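As stored in coords.txt (compact mmCIF, C-alpha atoms and all ligand atoms):
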```
# COMPACT_ATOMS: atom_id res chain seq x y z
CA MET A 1498 9.36 -15.31 -7.88
CA THR A 1499 8.19 -18.42 -6.01
CA ASP A 1500 5.12 -20.17 -7.36
CA PHE A 1501 2.38 -20.90 -4.80
CA VAL A 1502 2.67 -24.65 -5.48
CA GLN A 1503 6.44 -24.55 -4.85
CA LEU A 1504 6.35 -22.86 -1.45
CA ASP A 1505 8.57 -24.42 1.21
CA PRO A 1506 8.46 -24.17 5.01
CA ASN A 1507 9.82 -20.79 6.19
CA ASP A 1508 8.92 -19.03 2.91
CA GLY A 1509 6.88 -15.84 3.29
CA VAL A 1510 3.36 -15.31 1.95
CA VAL A 1511 1.39 -12.06 2.03
CA VAL A 1512 -2.39 -11.97 1.69
CA SER A 1513 -3.99 -8.77 0.34
CA ILE A 1514 -7.44 -7.49 1.17
CA SER A 1515 -9.96 -8.84 -1.35
CA ASP A 1516 -10.98 -5.81 -3.38
CA ASP A 1517 -10.55 -6.76 -7.01
CA ARG A 1518 -11.69 -3.32 -8.17
CA ASN A 1519 -8.73 -1.57 -6.66
CA GLU A 1520 -5.52 -1.90 -8.69
CA LEU A 1521 -3.66 -0.15 -5.89
CA VAL A 1522 -4.02 -3.22 -3.69
CA ALA A 1523 -1.81 -5.24 -6.05
CA ALA A 1524 0.56 -2.33 -6.71
CA GLU A 1525 1.14 -1.77 -2.98
CA CYS A 1526 1.67 -5.51 -2.51
CA ARG A 1527 4.31 -5.60 -5.27
CA VAL A 1528 6.33 -2.81 -3.66
CA LEU A 1529 6.09 -4.09 -0.09
CA THR A 1530 6.65 -7.80 -0.80
CA GLY A 1531 8.81 -7.68 -3.93
CA VAL A 1532 6.61 -10.20 -5.76
CA ASP A 1533 3.53 -10.08 -7.98
CA PRO A 1534 0.38 -11.17 -6.13
CA VAL A 1535 -1.83 -13.75 -7.85
CA GLN A 1536 -5.48 -13.46 -6.81
CA GLY A 1537 -4.48 -11.56 -3.69
CA ILE A 1538 -1.69 -13.93 -2.64
CA ALA A 1539 1.97 -12.91 -2.86
CA ALA A 1540 3.77 -16.27 -2.69
CA GLY A 1541 7.38 -16.09 -1.56
CA GLY A 1542 7.07 -12.38 -0.79
CA SER A 1543 8.89 -10.52 1.95
CA THR A 1544 6.77 -9.92 5.05
CA ALA A 1545 9.18 -7.30 6.45
CA HIS A 1546 7.23 -4.20 5.37
CA ILE A 1547 3.65 -5.32 5.98
CA GLY A 1548 3.42 -3.28 9.20
CA ARG A 1549 3.04 -0.08 7.16
CA ALA A 1550 0.57 -1.47 4.59
CA ALA A 1551 -2.81 0.07 3.80
CA TYR A 1552 -4.36 -2.74 1.80
CA GLN A 1553 -2.63 -5.96 2.94
CA GLN A 1554 -4.17 -8.32 5.50
CA PHE A 1555 -1.19 -10.16 6.97
CA GLY A 1556 2.10 -11.87 6.33
CA LEU A 1557 2.53 -15.60 6.92
CA GLN A 1558 5.47 -17.86 7.46
CA VAL A 1559 4.89 -21.17 5.71
CA LEU A 1560 4.74 -24.19 8.04
CA ALA A 1561 3.56 -26.88 5.62
CA SER A 1562 2.89 -27.18 1.90
CA ALA A 1563 1.37 -30.11 0.01
CA PRO A 1564 -0.69 -30.96 -3.07
CA ASP A 1565 -3.46 -32.63 -1.00
CA LEU A 1566 -5.00 -32.08 2.42
CA GLN A 1567 -3.96 -35.49 3.76
CA SER A 1568 -0.25 -34.87 3.07
CA LEU A 1569 -0.58 -31.40 4.56
CA CYS A 1570 -2.11 -32.89 7.72
CA GLU A 1571 0.82 -35.31 8.01
CA GLN A 1572 3.17 -32.31 8.03
CA ALA A 1573 0.88 -30.47 10.46
CA ALA A 1574 1.03 -33.44 12.85
CA ALA A 1575 4.81 -33.00 13.10
CA LEU A 1576 4.62 -29.31 14.07
CA GLN A 1577 6.09 -28.53 17.51
CA ALA A 1578 5.01 -25.96 20.14
CA MET A 1579 1.61 -25.03 18.67
CA GLU A 1580 -0.21 -24.81 22.02
CA GLY A 1581 -3.19 -22.39 21.83
CA PHE A 1582 -3.49 -22.40 18.02
CA GLN A 1583 -6.39 -21.38 15.81
CA VAL A 1584 -6.90 -22.28 12.13
CA SER A 1585 -8.72 -20.16 9.56
CA VAL A 1586 -9.12 -20.97 5.87
CA ILE A 1587 -8.75 -18.99 2.65
CA ALA A 1588 -10.13 -20.86 -0.35
CA GLN A 1589 -11.79 -19.16 -3.27
CA ALA A 1590 -15.16 -20.49 -4.44
CA SER A 1591 -15.65 -22.60 -1.31
CA SER A 1592 -18.60 -22.54 1.07
CA GLY A 1593 -18.42 -21.67 4.75
CA VAL A 1594 -19.22 -25.30 5.57
CA GLN A 1595 -16.29 -26.55 3.46
CA ARG A 1596 -13.89 -24.08 5.01
CA ARG A 1597 -15.01 -25.10 8.50
CA THR A 1598 -14.53 -28.78 7.67
CA TRP A 1599 -11.00 -28.15 6.35
CA ALA A 1600 -10.12 -26.06 9.40
CA LEU A 1601 -11.28 -28.88 11.70
CA THR A 1602 -9.36 -31.50 9.70
CA VAL A 1603 -6.11 -29.55 10.04
CA ALA A 1604 -6.81 -28.71 13.70
CA ASP A 1605 -7.35 -32.41 14.47
CA ALA A 1606 -3.97 -33.24 12.96
CA ILE A 1607 -2.03 -30.69 15.04
CA GLN A 1608 -0.69 -32.22 18.27
CA ALA A 1609 -1.67 -29.36 20.58
CA LYS A 1610 -4.70 -27.76 22.23
CA PRO A 1611 -6.49 -25.06 20.22
CA ASN A 1612 -7.58 -21.72 21.68
CA LEU A 1613 -10.11 -19.91 19.50
CA ASP A 1614 -10.66 -16.95 21.87
CA GLN A 1615 -7.09 -15.89 22.51
CA PRO A 1616 -4.90 -17.85 20.12
CA SER A 1617 -1.15 -17.68 20.54
CA HIS A 1618 -0.56 -19.16 17.07
CA ARG A 1619 -2.89 -17.90 14.32
CA LEU A 1620 -2.64 -20.39 11.49
CA VAL A 1621 -4.08 -19.94 8.02
CA LEU A 1622 -4.76 -22.72 5.53
CA ILE A 1623 -4.72 -21.43 1.94
CA GLN A 1624 -6.09 -23.53 -0.87
CA ALA A 1625 -5.23 -22.21 -4.33
CA ALA A 1626 -4.12 -23.58 -7.70
CA GLY A 1627 -4.99 -27.11 -6.48
CA HIS A 1628 -2.39 -26.80 -3.70
CA HIS A 1629 -2.51 -26.45 0.11
CA VAL A 1630 -0.35 -24.24 2.27
CA LEU A 1631 -0.49 -23.85 6.04
CA GLY A 1632 1.17 -20.75 7.47
CA GLU A 1633 1.38 -18.82 10.72
CA ILE A 1634 0.60 -15.09 10.82
CA VAL A 1635 3.87 -13.37 11.68
CA THR A 1636 2.98 -9.78 10.84
CA GLN A 1637 -0.02 -7.51 10.30
CA PRO A 1638 -0.45 -3.85 9.34
CA ASP A 1639 -0.26 -1.54 12.36
CA ARG A 1640 -3.04 0.61 10.80
CA SER A 1641 -1.28 3.70 12.13
CA TYR A 1642 -2.87 5.73 9.29
CA ARG A 1643 -6.17 5.55 11.20
CA GLN A 1644 -5.02 8.09 13.78
CA HIS A 1645 -4.77 10.67 10.97
CA ASP A 1646 -8.52 10.41 10.36
CA GLN A 1647 -8.72 12.62 13.47
CA LYS A 1648 -6.60 15.42 12.00
CA PRO A 1649 -8.01 18.82 12.95
CA GLN A 1650 -7.86 20.37 9.46
CA ARG A 1651 -9.19 18.99 6.18
CA THR A 1652 -10.89 20.11 2.97
CA SER A 1653 -13.42 18.51 0.62
CA ALA A 1654 -10.42 17.49 -1.56
CA SER A 1655 -8.60 15.72 1.29
CA LEU A 1656 -7.57 12.14 0.58
CA SER A 1657 -8.57 9.51 3.11
CA SER A 1658 -5.67 8.49 5.31
CA ARG A 1659 -5.81 4.88 4.09
CA LEU A 1660 -5.64 5.85 0.42
CA ALA A 1661 -2.87 8.35 1.21
CA ARG A 1662 -0.88 5.57 2.95
CA ALA A 1663 -1.27 3.30 -0.07
CA LEU A 1664 -0.01 6.08 -2.36
CA VAL A 1665 3.09 6.65 -0.23
CA ASN A 1666 3.61 2.89 -0.30
CA LEU A 1667 4.00 2.99 -4.09
CA VAL A 1668 7.43 4.49 -3.57
CA PRO A 1669 10.29 1.94 -3.29
CA VAL A 1670 10.91 0.83 0.30
CA ALA A 1671 14.51 2.02 -0.02
CA ALA A 1672 13.39 5.66 -0.49
CA LYS A 1673 14.37 8.03 2.32
CA THR A 1674 13.10 11.44 1.16
CA ILE A 1675 9.89 12.52 -0.54
CA LEU A 1676 8.30 15.77 -1.66
CA ASP A 1677 4.61 16.66 -1.84
CA PRO A 1678 4.61 20.04 -3.61
CA CYS A 1679 0.75 20.36 -3.71
CA CYS A 1680 0.09 19.20 -0.16
CA GLY A 1681 -3.35 20.72 0.48
CA SER A 1682 -4.20 19.84 4.09
CA GLY A 1683 -1.41 17.26 4.18
CA ALA A 1684 -2.88 13.75 3.99
CA LEU A 1685 0.16 12.39 2.11
CA VAL A 1686 2.58 14.31 4.30
CA LEU A 1687 1.18 12.73 7.48
CA GLU A 1688 1.45 9.21 6.05
CA ALA A 1689 4.99 9.72 4.77
CA HIS A 1690 5.99 10.98 8.22
CA ALA A 1691 4.36 8.06 9.99
CA ILE A 1692 6.45 5.55 8.04
CA GLY A 1693 9.67 7.39 8.77
CA LEU A 1694 10.38 9.25 5.54
CA GLN A 1695 11.99 12.67 5.54
CA VAL A 1696 9.29 14.86 4.00
CA PHE A 1697 9.42 18.14 2.09
CA CYS A 1698 6.09 19.76 1.31
CA GLY A 1699 4.37 22.93 0.23
CA ASP A 1700 1.36 24.47 -1.46
CA ILE A 1701 0.70 27.62 -3.47
CA ASN A 1702 -2.22 28.51 -1.20
CA ALA A 1703 -1.37 30.05 2.20
CA ASN A 1704 -4.56 28.60 3.70
CA MET A 1705 -3.39 25.10 2.81
CA VAL A 1706 0.08 25.74 4.21
CA GLN A 1707 -1.60 26.73 7.49
CA LYS A 1708 -3.80 23.59 7.50
CA THR A 1709 -0.91 21.20 6.91
CA THR A 1710 1.20 23.03 9.49
CA GLU A 1711 -1.57 22.62 12.06
CA ASN A 1712 -2.10 18.95 11.20
CA LEU A 1713 1.62 18.20 11.52
CA ALA A 1714 1.78 19.98 14.89
CA HIS A 1715 -1.27 18.02 16.12
CA PHE A 1716 0.68 14.76 15.68
CA ASN A 1717 4.02 16.26 16.81
CA TYR A 1718 5.59 15.70 13.41
CA ALA A 1719 8.49 18.05 12.78
CA CYS A 1720 8.34 19.31 9.21
CA GLY A 1721 8.28 22.76 7.60
CA VAL A 1722 5.60 23.59 5.02
CA GLN A 1723 6.63 25.96 2.23
CA LEU A 1724 4.37 28.54 0.60
CA GLN A 1725 5.58 27.80 -2.88
CA ASP A 1726 4.60 27.07 -6.45
CA ALA A 1727 5.27 23.37 -7.17
CA ARG A 1728 7.20 24.39 -10.28
CA ALA A 1729 9.73 26.32 -8.20
CA TRP A 1730 10.95 23.48 -5.94
CA GLN A 1731 14.71 22.82 -6.13
CA GLU A 1732 15.11 20.03 -3.51
CA PRO A 1733 16.27 16.72 -5.09
CA VAL A 1734 14.43 13.82 -3.41
CA ASP A 1735 13.98 10.06 -3.86
CA ALA A 1736 10.35 10.46 -4.95
CA ILE A 1737 7.54 12.97 -5.48
CA VAL A 1738 4.09 11.95 -4.24
CA THR A 1739 1.28 14.42 -4.80
CA ASP A 1740 -2.44 14.84 -5.36
CA LEU A 1741 -2.64 17.19 -8.32
CA PRO A 1742 -4.94 20.22 -8.57
CA TYR A 1743 -6.82 18.35 -11.27
CA GLY A 1744 -10.12 17.57 -9.63
CA LYS A 1745 -13.62 18.96 -9.94
CA TYR A 1746 -13.00 21.95 -7.64
CA SER A 1747 -9.29 22.61 -7.84
CA ARG A 1748 -8.51 22.40 -11.53
CA VAL A 1749 -5.67 24.54 -12.85
CA ALA A 1750 -4.52 25.25 -16.42
CA ASP A 1751 -2.97 22.30 -18.27
CA GLU A 1752 0.35 24.19 -18.58
CA VAL A 1753 0.61 24.32 -14.77
CA VAL A 1754 0.28 20.54 -14.47
CA LEU A 1755 2.78 20.05 -17.30
CA GLY A 1756 5.15 22.40 -15.46
CA ILE A 1757 4.71 20.39 -12.25
CA PHE A 1758 5.57 17.17 -14.12
CA ALA A 1759 8.63 18.75 -15.74
CA GLN A 1760 9.98 19.92 -12.37
CA ALA A 1761 9.17 16.57 -10.75
CA VAL A 1762 11.15 14.66 -13.40
CA ALA A 1763 14.11 16.94 -12.74
CA LEU A 1764 13.99 16.46 -8.95
CA ALA A 1765 13.25 12.76 -8.41
CA PRO A 1766 13.68 9.44 -10.24
CA MET A 1767 10.07 8.52 -9.44
CA GLY A 1768 6.80 10.43 -9.20
CA VAL A 1769 3.38 9.31 -7.95
CA PHE A 1770 0.56 11.60 -9.05
CA VAL A 1771 -3.17 11.44 -8.36
CA ALA A 1772 -5.65 13.07 -10.76
CA GLY A 1773 -9.24 12.82 -11.91
CA MET A 1774 -8.19 11.71 -15.39
CA ASP A 1775 -5.47 9.72 -17.11
CA LEU A 1776 -2.48 12.05 -17.54
CA SER A 1777 0.05 9.41 -18.64
CA ALA A 1778 0.57 11.01 -22.08
CA GLN A 1779 1.44 14.32 -20.41
CA MET A 1780 3.86 12.58 -18.03
CA LEU A 1781 5.65 10.84 -20.89
CA ALA A 1782 5.84 14.16 -22.73
CA ALA A 1783 7.38 15.74 -19.61
CA GLY A 1784 10.22 13.21 -19.62
CA TYR A 1785 9.19 10.09 -17.69
CA ALA A 1786 10.50 6.96 -19.43
CA GLN A 1787 7.70 4.76 -18.13
CA VAL A 1788 4.29 5.43 -16.62
CA GLU A 1789 1.92 3.01 -14.90
CA VAL A 1790 -1.70 3.99 -14.25
CA PHE A 1791 -3.87 2.44 -11.53
CA ALA A 1792 -7.59 3.14 -11.61
CA VAL A 1793 -9.06 3.66 -8.14
CA PRO A 1794 -12.86 3.66 -7.94
CA LYS A 1795 -14.51 6.48 -6.03
CA ALA A 1796 -18.10 6.72 -4.85
CA LYS A 1797 -20.89 7.18 -7.44
CA GLY A 1798 -18.94 5.67 -10.33
CA PHE A 1799 -16.14 8.29 -10.33
CA GLN A 1800 -12.57 7.17 -10.75
CA ARG A 1801 -9.28 8.48 -9.52
CA TYR A 1802 -6.21 7.80 -11.61
CA VAL A 1803 -2.99 7.10 -9.79
CA HIS A 1804 0.09 7.46 -11.97
CA ARG A 1805 3.56 6.23 -11.19
CA GLY A 1806 6.20 7.62 -13.48
CA SER A 1807 9.79 6.61 -13.54
CA ARG A 1808 12.83 8.07 -15.25
CA ALA A 1809 14.14 4.49 -15.65
CA PRO A 1810 12.28 1.20 -16.22
CA ILE A 1811 9.93 0.64 -13.23
CA GLY A 1812 11.37 -2.82 -12.49
CA GLU A 1813 14.58 -1.19 -11.23
CA PHE A 1814 12.68 0.40 -8.34
CA ARG A 1815 10.96 -2.62 -6.87
C1 LIG B 1901 -6.18 18.11 -4.79
S1 LIG B 1901 -5.53 19.30 -3.72
C2 LIG B 1901 -4.50 18.36 -2.62
C3 LIG B 1901 -5.29 17.76 -1.52
C4 LIG B 1901 -4.45 17.04 -0.52
N1 LIG B 1901 -3.95 15.77 -1.02
C5 LIG B 1901 -5.21 16.79 0.78
O1 LIG B 1901 -5.37 15.62 1.18
O2 LIG B 1901 -5.66 17.75 1.37
C6 LIG B 1901 -4.40 20.14 -4.76
C7 LIG B 1901 -3.60 21.24 -4.09
O3 LIG B 1901 -2.73 21.80 -5.06
C8 LIG B 1901 -2.53 23.17 -4.73
N2 LIG B 1901 -1.96 23.84 -5.93
C9 LIG B 1901 -2.58 24.28 -7.05
N3 LIG B 1901 -1.70 24.80 -7.91
C10 LIG B 1901 -0.47 24.69 -7.31
C11 LIG B 1901 0.84 25.03 -7.69
N4 LIG B 1901 1.12 25.60 -8.87
N5 LIG B 1901 1.85 24.79 -6.83
C12 LIG B 1901 1.61 24.22 -5.61
N6 LIG B 1901 0.37 23.87 -5.21
C13 LIG B 1901 -0.66 24.08 -6.04
C14 LIG B 1901 -3.91 23.64 -4.33
O4 LIG B 1901 -3.83 24.79 -3.52
C15 LIG B 1901 -4.44 22.40 -3.58
O5 LIG B 1901 -4.24 22.54 -2.20
```
Show this structure as structure tokens.
Amino acid sequence: MTDFVQLDPNDGVVVSISDDRNELVAAECRVLTGVDPVQGIAAGGSTAHIGRAAYQQFGLQVLASAPDLQSLCEQAAALQAMEGFQVSVIAQASSGVQRRTWALTVADAIQAKPNLDQPSHRLVLIQAAGHHVLGEIVTQPDRSYRQHDQKPQRTSASLSSRLARALVNLVPVAAKTILDPCCGSGALVLEAHAIGLQVFCGDINANMVQKTTENLAHFNYACGVQLQDARAWQEPVDAIVTDLPYGKYSRVADEVVLGIFAQAVALAPMGVFVAGMDLSAQMLAAGYAQVEVFAVPKAKGFQRYVHRGSRAPIGEFR
């Protein structure tokens, strides 16, 4: 992992949205960039998968890196072909006035004309850990999950499309197939499809099978939906991602959830499960070697618990 202060030109940097309450932001960043973010900045991370992100802002290519602003400006002055640039600033605990002053200082050093309305080079100055990095935005999320907010069928238990995208993004980028065996109206299924995964899905409730089928057809996604108990699935896949019937209105007996875990461990090396409480002990009992839990705040002080279980140490999947 590259330290922020050791970044070199051409290194990648990914900036997450600033929502310190949401542990999923950092978890998604780790999977998509391959590095641990520090205060929302993944230094040296890959920018290749940011297009599909739910909670990342953009990926940068480093242009200049220096311990002080003056040295950074000397490097900025040597940059070529920056016509129509714009500079914004990320610096924690700084005022708007300070950020504007720094942006102007860097802009003055660059040997080209700025264009704030329609910039052709969007530059970002990051100040962190007493160091300065100037990068150019090379990639941003396509926000394709937003179209799924218009799905024709939903229930009160439906996940938002953005959260569903983040959950699918907890699966290693190398995964090709996933299964959602408790698909409800299909929020996770739509996101997995949109990022190009082969999806298997089903629900024990025929109404839900109908809803997901209709939602998939609305977006022209080709995928069958099985009327099936999650414990009966036999399809081996790269990962299971599912929102368990463990909420206020859809709670089932504990043995059912344990049965779902046991089948999931048998079918896939990794499982991502959402529930209204911490079920990590039950997942370990079902056979996962390692379980991570990410708390995701809901409205009115409620929490969701996102679990990622792995049959092998999690590090092997990043
Ligand atoms: C929390 S909801 C899923 C909501 C879904 N993520 C969405 O966005 O609509 C849980 C789903 O699990 C289904 N379910 C309950 N027991 C099941 C079982 N044994 N096998 C398969 N599905 C089951 C319920 O019918 C329900 O649709």
Output the neighbourhood of ligand LIG 1901 (chain B) as an MDAnalysis selection string, that is, all protein and nucleic acid residues with some atom at most 9 Å from the ligand, counting all atoms listed in the file. chainID A and resid 1650:1658 1661 1677:1686 1699:1706 1708:1709 1724:1729 1739:1744 1746:1750 1753:1754 1756:1757 1771:1772
Gln1589 of chain A: which residues within 9 Å, counting all atoms listed in the file, same-chain residues fewer than 3 positions away excluded, as a ChimeraX atom specification? /A:1592,1624-1625
Two-atom distance - atom CA of Val1586 of chain A, atom CA of His1628 of chain A (Å):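 So the answer is 13.1 Å.
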Closest of A:Gln1553, A:Ala1691, A:Val1621, A:Asp1751 to Ile1514 of chain A, counting all atoms listed in the file, is A:Gln1553
Atom CA of Gly1541 of chain A and atom CA of Val1670 of chain A are how many Å apart?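 Atom CA of Gly1541 of chain A sits 17.4 Å away from atom CA of Val1670 of chain A.
Proximity ranking of A:Glu1711, A:Glu1688, A:Asp1614, A:Asp1605 relative to Ala1550 of chain A places A:Glu1688 first, based on only C-alpha atoms.
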Fewer than 6 positions away in the same chain doesn't count, so skip those; otherwise give me all residues within 8 Å of segment 1574-1581 of chain A, counting only C-alpha atoms, as a PyMOL selection string. chain A and resi 1560+1606-1613+1615-1618
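Considering the residues A:Pro1506, A:Ala1600, A:Ala1719, A:Gly1548 and counting all atoms listed in the file, Gly1632 of chain A has its shortest atom-to-atom contact with A:Pro1506.
Of the residues under consideration (A:Ile1538, A:Ala1545, A:Met1767, A:Ala1626), A:Met1767 shows the shortest atom-to-atom contact distance to Ile1675 of chain A when counting all atoms listed in the file.
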If you count all atoms listed in the file, which residues fall within 8 Å of Ile1634 of chain A, apart from same-chain ones fewer than 3 positions away, as a ChimeraX atom specification? /A:1555-1558,1618-1621,1637
Could you check the closest approach to Ala1763 of chain A for each of A:Val1793, A:Val1788, A:Ser1591, A:Arg1808 and tell me which residue wins, using all atoms listed in the file?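 Of all the options, A:Arg1808 lies closest to Ala1763 of chain A.
Close contacts of segment 1692-1695 of chain A, defined as residues with an atom at most 7 Å away when counting all atoms listed in the file, with chain neighbours fewer than 5 positions off set aside, comprise Arg1549, Lys1673, Thr1674 and Ile1675 of chain A.
We find atom CA of Ile1737 of chain A and atom CA of Val1769 of chain A to be spaced 6.1 Å apart.
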Neighbouring residues of Arg1801 of chain A were defined as those with any atom within 9 Å, considering only C-alpha atoms; residues of the same chain fewer than 5 positions away were excluded. Please report them as a ChimeraX atom specification. /A:1771-1775,1791-1795
Would you compute the box with edges along x, y and z of the file around segment 1685-1688 of chain A, including every atom the file lists for it and 4 Å extra on each side, and give its centre and edge lengths in Å to one decimal, as JSON?
```
{"center_x": 1.4, "center_y": 11.8, "center_z": 4.8, "size_x": 10.4, "size_y": 13.1, "size_z": 13.4}
```
